[in-house]
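A short worksheet on the structure shown next.
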Amino acid sequence: MKASKLVHNKEERIRIDFPYNQLLVSKLREIPDARWSKTIGAWHIPYNQKAYHQLIGLFPDIELPQNQSIEHNTPATFSLTKPVEAEITIEVSGKSLILKMPKNETDIQFVRTFLYVRWDNRQFRWIIPNYGKNLELIKNYFNTRISHIENAPVFSESLQSTRITHNSIVQVSEQLPRLDSESLNEIEQFRRWMEHKRYSDSTVKTYIMAITTFLRFIKPKTSAEATNEDMQRFVNQYMIPRKLSFSYQNQAVNASRLFFKSIKGSALITEQLERPRPEHRLPNVLSKEEVSTILHASHNQKHRTMLSLIYACGLRRSELLNLKPENIDSKRHLLIILNAKGRKDRIIPISDKVIGMLREYYKGYRPKVWLFEGQIPGEQYSEKSIQSVLKQALNKAGITKPVTLHWLRHSYATHLLESGTDLRYIQELLGHKSSKTTEIYTHVTEKSLHKIKSPFDDL
């Protein structure tokens, strides 16, 4: 996020540039007279001391230009720069180290060297795991620049209190060794092979991460020395203690099967790699009344149209964001989905009501490339932004369930089944490869369940 001086409509303003984020916009609106300008494609606020200090308070890490002073109807002037450099503070909170510091690229590069470090975008702080020598390394690096350390306990290098009692378990806090150049070259060859086979970008990324973690786990063994027992150890000593999901284990097995087929002389027998026992989870479904409340909660036309289209056509999030105006065939009443999950195309019938909604949206926003664009024309709407749109709608609707965008897709399929639509048609509309995937909706259909009479009622 950057700020700069601006003259807009013959008025001095402070211009704010940042990638669109609904949370940041909400915070920015707290400043009186904050406005969005389509002309300059940016937000701007009054160029005065009050607005300036509010901006710094809300966004302490904002980048400010040098040597831009402002008159505020008084002899006093100030520069559009931070008056006092933000202090570096550390809060020791259980298993986390909370680091607050001014924005500095050199310092950020240092912080990113820690494993599992993450940036908290809400509180503008870094969260670093509190294990090993992490606290000591941070103290040594920042040294006298640290102004305050809160609740720092006496730190034990052995960390006996955080160890899992079974001696064979790899500690959650243990850092895995780095890979050598030979292993990195093998992984790069694996990446190129998957790209040649036209695996999706998300699959390539997931498999590369999984196989990289596995190869780091078995060090000092090389990939050629890996065995099936190593995979069992990986599950028992790495995945289970970290409570990694069923899907992660399944992805790790899939990645290993593909990877070790290309490693000549490996002792690992890919055919003997076993996947975990399958899960049987029911889809989360909303009632029609709940869906209606969510869709009508948003007063923003674009937001309401996006959420409505997901439910009206049973779309995945990526399918919605990848839509272009030419994907709508209004004369044939069809929505054309191209290159969806599994690189499959499909068509979905749309009603006059949906077409009318889309026409009204198009007249108001006139998208240039994508059907739904961000604040910059031609820029695709982001995944985080659409999630934020749903969250706002849930808050306004007063729905406390942990609803996700995929719940709307599940609800679409279930409501179709309840209205008598054949399961085979629903499979085509959802783009499922197997009918077994679509059959999960038969387990949550109210129409079928309500026909069942409990023996309790006859007592």
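Just so we're on the same page: first chain in the structure tokens is A, next is B, and so on; residues restart at 1 for each chain, and ligands are numbered from 1 in the order they show up.
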Self-check item: Close residues, Arg29 (chain A) itself excluded, 12 Å, only C-alpha atoms, min 4 positions apart in chain, as a ChimeraX atom specification
Solution: /A:16,22-25,33-36,43-45,51,54-55,58
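The neighbours of region 423-430 of chain A here are the residues that come within 8 Å of it, using only C-alpha atoms and leaving out any residue fewer than 4 positions away in the same chain; they are Cys313, Gly314, Leu315, Arg346, Ile347, Ile348, Ala413, Leu416, Leu417, Ser434, Ser435, Thr438 and Glu439 of chain A.
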May I have the residues from that selection written out with N, CA and C atoms, as a CSV table (one decimal), in the first residue's frame?
```csv
chain,number,residue,atom,x,y,z
A,313,CYS,N,-26.3,-21.5,-11.2
A,313,CYS,CA,-25.7,-22.4,-12.2
A,313,CYS,C,-24.8,-23.5,-11.6
A,314,GLY,N,-24.7,-23.5,-10.2
A,314,GLY,CA,-23.9,-24.5,-9.5
A,314,GLY,C,-22.4,-24.4,-9.9
A,315,LEU,N,-21.9,-23.1,-9.9
A,315,LEU,CA,-20.5,-22.9,-10.4
A,315,LEU,C,-19.5,-23.1,-9.3
A,346,ARG,N,-18.4,-27.5,-20.5
A,346,ARG,CA,-19.8,-27.9,-20.3
A,346,ARG,C,-20.7,-26.7,-20.5
A,347,ILE,N,-22.0,-27.0,-20.8
A,347,ILE,CA,-22.9,-25.9,-20.9
A,347,ILE,C,-24.0,-26.0,-19.9
A,348,ILE,N,-24.5,-24.9,-19.4
A,348,ILE,CA,-25.5,-24.9,-18.3
A,348,ILE,C,-26.7,-24.0,-18.8
A,413,ALA,N,-27.3,-28.3,-6.3
A,413,ALA,CA,-27.4,-29.7,-6.7
A,413,ALA,C,-28.5,-30.3,-5.9
A,416,LEU,N,-32.0,-29.1,-6.9
A,416,LEU,CA,-32.4,-29.7,-8.2
A,416,LEU,C,-32.9,-31.1,-8.0
A,417,LEU,N,-32.2,-31.9,-7.2
A,417,LEU,CA,-32.6,-33.3,-6.9
A,417,LEU,C,-34.0,-33.3,-6.2
A,434,SER,N,-17.6,-38.7,-12.6
A,434,SER,CA,-18.2,-39.9,-12.1
A,434,SER,C,-19.5,-39.6,-11.5
A,435,SER,N,-20.5,-40.5,-11.8
A,435,SER,CA,-21.8,-40.4,-11.2
A,435,SER,C,-21.8,-40.6,-9.7
A,438,THR,N,-21.7,-37.4,-7.8
A,438,THR,CA,-23.0,-36.7,-7.7
A,438,THR,C,-24.0,-37.4,-6.8
A,439,GLU,N,-23.8,-38.7,-6.6
A,439,GLU,CA,-24.7,-39.5,-5.7
A,439,GLU,C,-24.7,-39.1,-4.2
```
Self-check item: Contact residues around region 291-308 of chain A with only C-alpha atoms at 8 Å, ignoring same-chain residues under 2 positions, as a list in words
Solution: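 Residues near the query, excluding close chain neighbours: Leu286, Ser287, Lys288, Glu289, Ile310, Tyr311, Ala312, Leu320, Met357, Leu358, Tyr361, Phe372, Ile386, Val389, Leu390, Gln392, Ala393, Leu394, Lys396, Ala397 and Leu408 of chain A.
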Please produce an output containing N, CA and C atoms for each residue in the selection, written as a PDB file, in the first residue's frame.
```pdb
ATOM      1  N   LEU A 286     -27.622 -25.534   2.266  1.00  0.00           N
ATOM      2  CA  LEU A 286     -28.468 -24.492   2.842  1.00  0.00           C
ATOM      3  C   LEU A 286     -29.902 -24.677   2.358  1.00  0.00           C
ATOM      4  N   SER A 287     -30.846 -24.221   3.150  1.00  0.00           N
ATOM      5  CA  SER A 287     -32.243 -24.239   2.700  1.00  0.00           C
ATOM      6  C   SER A 287     -32.449 -23.147   1.650  1.00  0.00           C
ATOM      7  N   LYS A 288     -33.535 -23.249   0.903  1.00  0.00           N
ATOM      8  CA  LYS A 288     -33.828 -22.222  -0.099  1.00  0.00           C
ATOM      9  C   LYS A 288     -34.034 -20.858   0.553  1.00  0.00           C
ATOM     10  N   GLU A 289     -34.611 -20.858   1.753  1.00  0.00           N
ATOM     11  CA  GLU A 289     -34.833 -19.609   2.467  1.00  0.00           C
ATOM     12  C   GLU A 289     -33.503 -18.960   2.856  1.00  0.00           C
ATOM     13  N   ILE A 310     -23.396 -18.114  -8.948  1.00  0.00           N
ATOM     14  CA  ILE A 310     -22.834 -19.352  -8.393  1.00  0.00           C
ATOM     15  C   ILE A 310     -23.951 -20.318  -8.034  1.00  0.00           C
ATOM     16  N   TYR A 311     -25.007 -19.785  -7.376  1.00  0.00           N
ATOM     17  CA  TYR A 311     -26.111 -20.673  -6.976  1.00  0.00           C
ATOM     18  C   TYR A 311     -26.981 -21.044  -8.182  1.00  0.00           C
ATOM     19  N   ALA A 312     -27.267 -20.090  -9.052  1.00  0.00           N
ATOM     20  CA  ALA A 312     -28.185 -20.342 -10.170  1.00  0.00           C
ATOM     21  C   ALA A 312     -27.635 -21.365 -11.154  1.00  0.00           C
ATOM     22  N   LEU A 320     -16.585 -19.190 -11.970  1.00  0.00           N
ATOM     23  CA  LEU A 320     -17.204 -17.864 -11.981  1.00  0.00           C
ATOM     24  C   LEU A 320     -16.198 -16.794 -12.391  1.00  0.00           C
ATOM     25  N   MET A 357     -30.778 -10.440 -15.055  1.00  0.00           N
ATOM     26  CA  MET A 357     -29.860 -10.005 -14.004  1.00  0.00           C
ATOM     27  C   MET A 357     -28.487  -9.667 -14.594  1.00  0.00           C
ATOM     28  N   LEU A 358     -28.012 -10.510 -15.517  1.00  0.00           N
ATOM     29  CA  LEU A 358     -26.710 -10.285 -16.134  1.00  0.00           C
ATOM     30  C   LEU A 358     -26.716  -9.041 -17.020  1.00  0.00           C
ATOM     31  N   TYR A 361     -26.486  -5.997 -14.842  1.00  0.00           N
ATOM     32  CA  TYR A 361     -25.113  -5.860 -14.330  1.00  0.00           C
ATOM     33  C   TYR A 361     -24.194  -5.310 -15.424  1.00  0.00           C
ATOM     34  N   PHE A 372     -16.477 -10.530 -14.566  1.00  0.00           N
ATOM     35  CA  PHE A 372     -16.375  -9.850 -13.274  1.00  0.00           C
ATOM     36  C   PHE A 372     -14.937  -9.396 -13.070  1.00  0.00           C
ATOM     37  N   ILE A 386     -13.953 -12.305  -3.619  1.00  0.00           N
ATOM     38  CA  ILE A 386     -15.266 -12.948  -3.691  1.00  0.00           C
ATOM     39  C   ILE A 386     -15.589 -13.649  -2.380  1.00  0.00           C
ATOM     40  N   VAL A 389     -16.827 -10.981  -0.178  1.00  0.00           N
ATOM     41  CA  VAL A 389     -18.197 -10.612  -0.554  1.00  0.00           C
ATOM     42  C   VAL A 389     -19.197 -11.528   0.147  1.00  0.00           C
ATOM     43  N   LEU A 390     -18.915 -12.835   0.131  1.00  0.00           N
ATOM     44  CA  LEU A 390     -19.802 -13.790   0.791  1.00  0.00           C
ATOM     45  C   LEU A 390     -19.849 -13.546   2.296  1.00  0.00           C
ATOM     46  N   GLN A 392     -19.408 -10.786   3.947  1.00  0.00           N
ATOM     47  CA  GLN A 392     -20.222  -9.597   4.232  1.00  0.00           C
ATOM     48  C   GLN A 392     -21.705  -9.905   4.117  1.00  0.00           C
ATOM     49  N   ALA A 393     -22.077 -10.698   3.099  1.00  0.00           N
ATOM     50  CA  ALA A 393     -23.487 -11.053   2.911  1.00  0.00           C
ATOM     51  C   ALA A 393     -23.993 -11.892   4.079  1.00  0.00           C
ATOM     52  N   LEU A 394     -23.152 -12.793   4.580  1.00  0.00           N
ATOM     53  CA  LEU A 394     -23.538 -13.624   5.727  1.00  0.00           C
ATOM     54  C   LEU A 394     -23.754 -12.772   6.969  1.00  0.00           C
ATOM     55  N   LYS A 396     -24.601  -9.586   7.078  1.00  0.00           N
ATOM     56  CA  LYS A 396     -25.829  -8.798   6.919  1.00  0.00           C
ATOM     57  C   LYS A 396     -27.072  -9.674   7.063  1.00  0.00           C
ATOM     58  N   ALA A 397     -26.976 -10.938   6.615  1.00  0.00           N
ATOM     59  CA  ALA A 397     -28.115 -11.851   6.688  1.00  0.00           C
ATOM     60  C   ALA A 397     -28.284 -12.449   8.078  1.00  0.00           C
ATOM     61  N   LEU A 408     -22.983 -23.010  -1.813  1.00  0.00           N
ATOM     62  CA  LEU A 408     -24.009 -22.600  -2.776  1.00  0.00           C
ATOM     63  C   LEU A 408     -24.110 -23.611  -3.919  1.00  0.00           C
TER      64      LEU A 408
END
```
Quiz item: What residues in region 82-328 of chain A get the DSSP label helix (DSSP H, G or I)? Please answer as a ChimeraX atom specification.
Solution: /A:105-111,134-145,160-162,181-196,201-217,223-225,228-239,246-261,270-272,288-297,301-313,317-321,325-327
Residues from last step as file, C-alpha atoms, as a CSV table (one decimal), in the first residue's frame:
```
chain,number,residue,atom,x,y,z
A,105,GLU,CA,12.7,-5.0,2.6
A,106,THR,CA,15.9,-6.2,4.3
A,107,ASP,CA,14.1,-7.0,7.6
A,108,ILE,CA,11.3,-8.7,5.7
A,109,GLN,CA,13.8,-11.0,3.9
A,110,PHE,CA,15.2,-12.0,7.3
A,111,VAL,CA,11.8,-12.7,8.7
A,134,ASN,CA,13.7,-18.6,16.8
A,135,LEU,CA,13.4,-16.0,19.6
A,136,GLU,CA,17.1,-15.9,20.1
A,137,LEU,CA,17.7,-15.4,16.4
A,138,ILE,CA,15.2,-12.5,16.3
A,139,LYS,CA,16.7,-10.8,19.3
A,140,ASN,CA,20.2,-11.1,17.9
A,141,TYR,CA,19.2,-9.7,14.5
A,142,PHE,CA,17.2,-6.7,15.7
A,143,ASN,CA,19.3,-6.2,18.9
A,144,THR,CA,18.9,-2.7,20.3
A,145,ARG,CA,16.2,-1.8,17.8
A,160,GLN,CA,10.7,-31.2,26.3
A,161,SER,CA,7.2,-29.8,27.1
A,162,THR,CA,6.3,-29.6,23.4
A,181,SER,CA,21.2,-29.7,-6.1
A,182,GLU,CA,20.6,-33.2,-7.4
A,183,SER,CA,17.2,-33.5,-5.7
A,184,LEU,CA,16.3,-30.0,-6.8
A,185,ASN,CA,17.1,-31.0,-10.4
A,186,GLU,CA,14.9,-34.1,-10.1
A,187,ILE,CA,12.0,-32.0,-8.8
A,188,GLU,CA,12.4,-29.5,-11.6
A,189,GLN,CA,12.3,-32.4,-14.2
A,190,PHE,CA,9.2,-33.7,-12.5
A,191,ARG,CA,7.6,-30.2,-12.8
A,192,ARG,CA,8.4,-30.1,-16.5
A,193,TRP,CA,7.0,-33.6,-17.0
A,194,MET,CA,3.7,-32.7,-15.4
A,195,GLU,CA,3.5,-29.4,-17.4
A,196,HIS,CA,4.1,-31.5,-20.5
A,201,ASP,CA,-1.3,-25.3,-12.3
A,202,SER,CA,-2.9,-26.1,-8.9
A,203,THR,CA,-2.1,-29.8,-9.2
A,204,VAL,CA,1.5,-29.1,-10.3
A,205,LYS,CA,2.0,-26.8,-7.3
A,206,THR,CA,0.4,-29.2,-4.8
A,207,TYR,CA,2.4,-32.3,-6.0
A,208,ILE,CA,5.7,-30.3,-6.1
A,209,MET,CA,5.2,-29.2,-2.5
A,210,ALA,CA,4.3,-32.7,-1.4
A,211,ILE,CA,7.2,-34.5,-3.0
A,212,THR,CA,9.6,-31.7,-1.8
A,213,THR,CA,8.5,-32.2,1.8
A,214,PHE,CA,8.9,-36.0,1.5
A,215,LEU,CA,12.4,-35.8,0.0
A,216,ARG,CA,13.4,-33.4,2.8
A,217,PHE,CA,12.0,-35.8,5.3
A,223,SER,CA,15.3,-40.4,-4.0
A,224,ALA,CA,16.9,-43.5,-5.5
A,225,GLU,CA,17.3,-44.9,-1.9
A,228,ASN,CA,8.0,-47.9,0.9
A,229,GLU,CA,8.9,-47.9,4.6
A,230,ASP,CA,10.0,-44.3,4.3
A,231,MET,CA,6.5,-43.4,3.1
A,232,GLN,CA,5.0,-45.1,6.1
A,233,ARG,CA,7.4,-43.2,8.4
A,234,PHE,CA,6.4,-40.0,6.6
A,235,VAL,CA,2.8,-40.6,7.4
A,236,ASN,CA,3.3,-41.8,11.0
A,237,GLN,CA,6.1,-39.4,12.0
A,238,TYR,CA,5.3,-36.3,10.0
A,239,MET,CA,1.7,-36.1,8.9
A,246,PHE,CA,-6.8,-37.0,4.7
A,247,SER,CA,-6.5,-35.1,1.4
A,248,TYR,CA,-2.9,-34.1,2.0
A,249,GLN,CA,-2.0,-37.7,2.6
A,250,ASN,CA,-3.8,-38.7,-0.6
A,251,GLN,CA,-2.0,-36.0,-2.5
A,252,ALA,CA,1.4,-37.1,-1.2
A,253,VAL,CA,0.8,-40.6,-2.3
A,254,ASN,CA,-0.4,-39.5,-5.8
A,255,ALA,CA,2.7,-37.2,-6.1
A,256,SER,CA,5.0,-40.0,-5.0
A,257,ARG,CA,3.5,-42.5,-7.5
A,258,LEU,CA,4.1,-40.1,-10.3
A,259,PHE,CA,7.5,-38.9,-9.2
A,260,PHE,CA,9.1,-42.3,-8.5
A,261,LYS,CA,8.0,-43.7,-11.8
A,270,THR,CA,4.9,-47.3,-6.5
A,271,GLU,CA,2.2,-50.0,-6.9
A,272,GLN,CA,2.5,-50.8,-3.2
A,288,LYS,CA,-33.8,-22.2,-0.1
A,289,GLU,CA,-34.8,-19.6,2.5
A,290,GLU,CA,-31.2,-19.3,3.7
A,291,VAL,CA,-29.9,-19.0,0.1
A,292,SER,CA,-32.5,-16.3,-0.7
A,293,THR,CA,-31.5,-14.3,2.5
A,294,ILE,CA,-27.8,-14.4,1.5
A,295,LEU,CA,-28.4,-13.4,-2.1
A,296,HIS,CA,-30.6,-10.4,-1.1
A,297,ALA,CA,-28.4,-9.3,1.7
A,301,GLN,CA,-25.2,-5.1,-7.8
A,302,LYS,CA,-21.9,-6.8,-8.8
A,303,HIS,CA,-21.7,-8.7,-5.5
A,304,ARG,CA,-25.3,-9.8,-5.7
A,305,THR,CA,-24.9,-11.0,-9.3
A,306,MET,CA,-21.7,-13.0,-8.6
A,307,LEU,CA,-23.3,-14.9,-5.6
A,308,SER,CA,-26.6,-15.4,-7.5
A,309,LEU,CA,-24.8,-16.8,-10.5
A,310,ILE,CA,-22.8,-19.4,-8.4
A,311,TYR,CA,-26.1,-20.7,-7.0
A,312,ALA,CA,-28.2,-20.3,-10.2
A,313,CYS,CA,-25.7,-22.4,-12.2
A,317,ARG,CA,-15.4,-20.3,-7.6
A,318,SER,CA,-12.7,-20.5,-10.4
A,319,GLU,CA,-15.5,-21.1,-13.0
A,320,LEU,CA,-17.2,-17.9,-12.0
A,321,LEU,CA,-14.0,-15.8,-12.0
A,325,PRO,CA,-19.0,-11.9,-21.5
A,326,GLU,CA,-18.8,-14.1,-24.6
A,327,ASN,CA,-19.5,-17.2,-22.5
```
Quiz prompt | Neighbour list for Pro19 (chain A) as a PyMOL selection string, cut-off 10 Å, only C-alpha atoms, skip fewer than 3 positions in-chain | solution = chain A and resi 1+22+24+42+374-376+382
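The list of residues with at least one atom within 12 Å of Ile146 (chain A), based on only C-alpha atoms and without residues fewer than 5 positions apart in the same chain, reads A:Ala86, A:Glu87, A:Ile88, A:Thr89, A:Ile90, A:Glu91, A:Leu99, A:Lys100, A:Met101, A:Pro102, A:Ile138, A:Lys139, A:Asn140, A:Tyr141.
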Long-range neighbours of Asn322 (chain A) as a PDB file with N, CA and C atoms, in the first residue's frame, 8 Å cut-off, only C-alpha atoms, 5 positions minimum in chain:
```pdb
ATOM      1  N   TRP A 370     -12.955  -9.680 -18.526  1.00  0.00           N
ATOM      2  CA  TRP A 370     -13.625 -10.702 -17.725  1.00  0.00           C
ATOM      3  C   TRP A 370     -15.039 -10.235 -17.397  1.00  0.00           C
ATOM      4  N   LEU A 371     -15.920 -11.198 -17.187  1.00  0.00           N
ATOM      5  CA  LEU A 371     -17.294 -10.836 -16.831  1.00  0.00           C
ATOM      6  C   LEU A 371     -17.315 -10.088 -15.498  1.00  0.00           C
ATOM      7  N   GLN A 380      -8.824  -9.362 -13.566  1.00  0.00           N
ATOM      8  CA  GLN A 380      -9.747 -10.393 -13.088  1.00  0.00           C
ATOM      9  C   GLN A 380     -10.058 -10.208 -11.601  1.00  0.00           C
TER      10      GLN A 380
END
```
Quiz item: Closest to Gly342 (chain A) among A:Lys38, A:Arg122, A:His432, A:Lys2, using only C-alpha atoms?
Solution: A:His432
Practice problem: Find, counting only C-alpha atoms, the residue in A:Gln123, A:Ser388, A:Ser37, A:Asn339 that gets nearest to Pro60 (chain A). | Solution: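 Looking only at the distances to Pro60 (chain A), the closest residue turns out to be A:Gln123.
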Self-check item: Separation of CA of Ser26 (chain A) from CA of Tyr47 (chain A) in Å
Solution: 19.6 Å
Quiz item: Per DSSP on the backbone, what are the strand (DSSP E) residues of region 159-371 of chain A, as a list in words?
Solution: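 In region 159-371 of chain A, DSSP puts these residues in strand (DSSP E): Ile328, Asp329, Leu334, Leu335, Ile336, Ile337, Arg346, Ile347, Ile348 and Pro349 of chain A.
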Quiz item: If you measure from CA of Ile399 (chain A) to CA of Tyr441 (chain A), what distance in Å do you get, rounded to one decimal?
Solution: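 Straight-line distance from CA of Ile399 (chain A) to CA of Tyr441 (chain A) works out to 22.6 Å.
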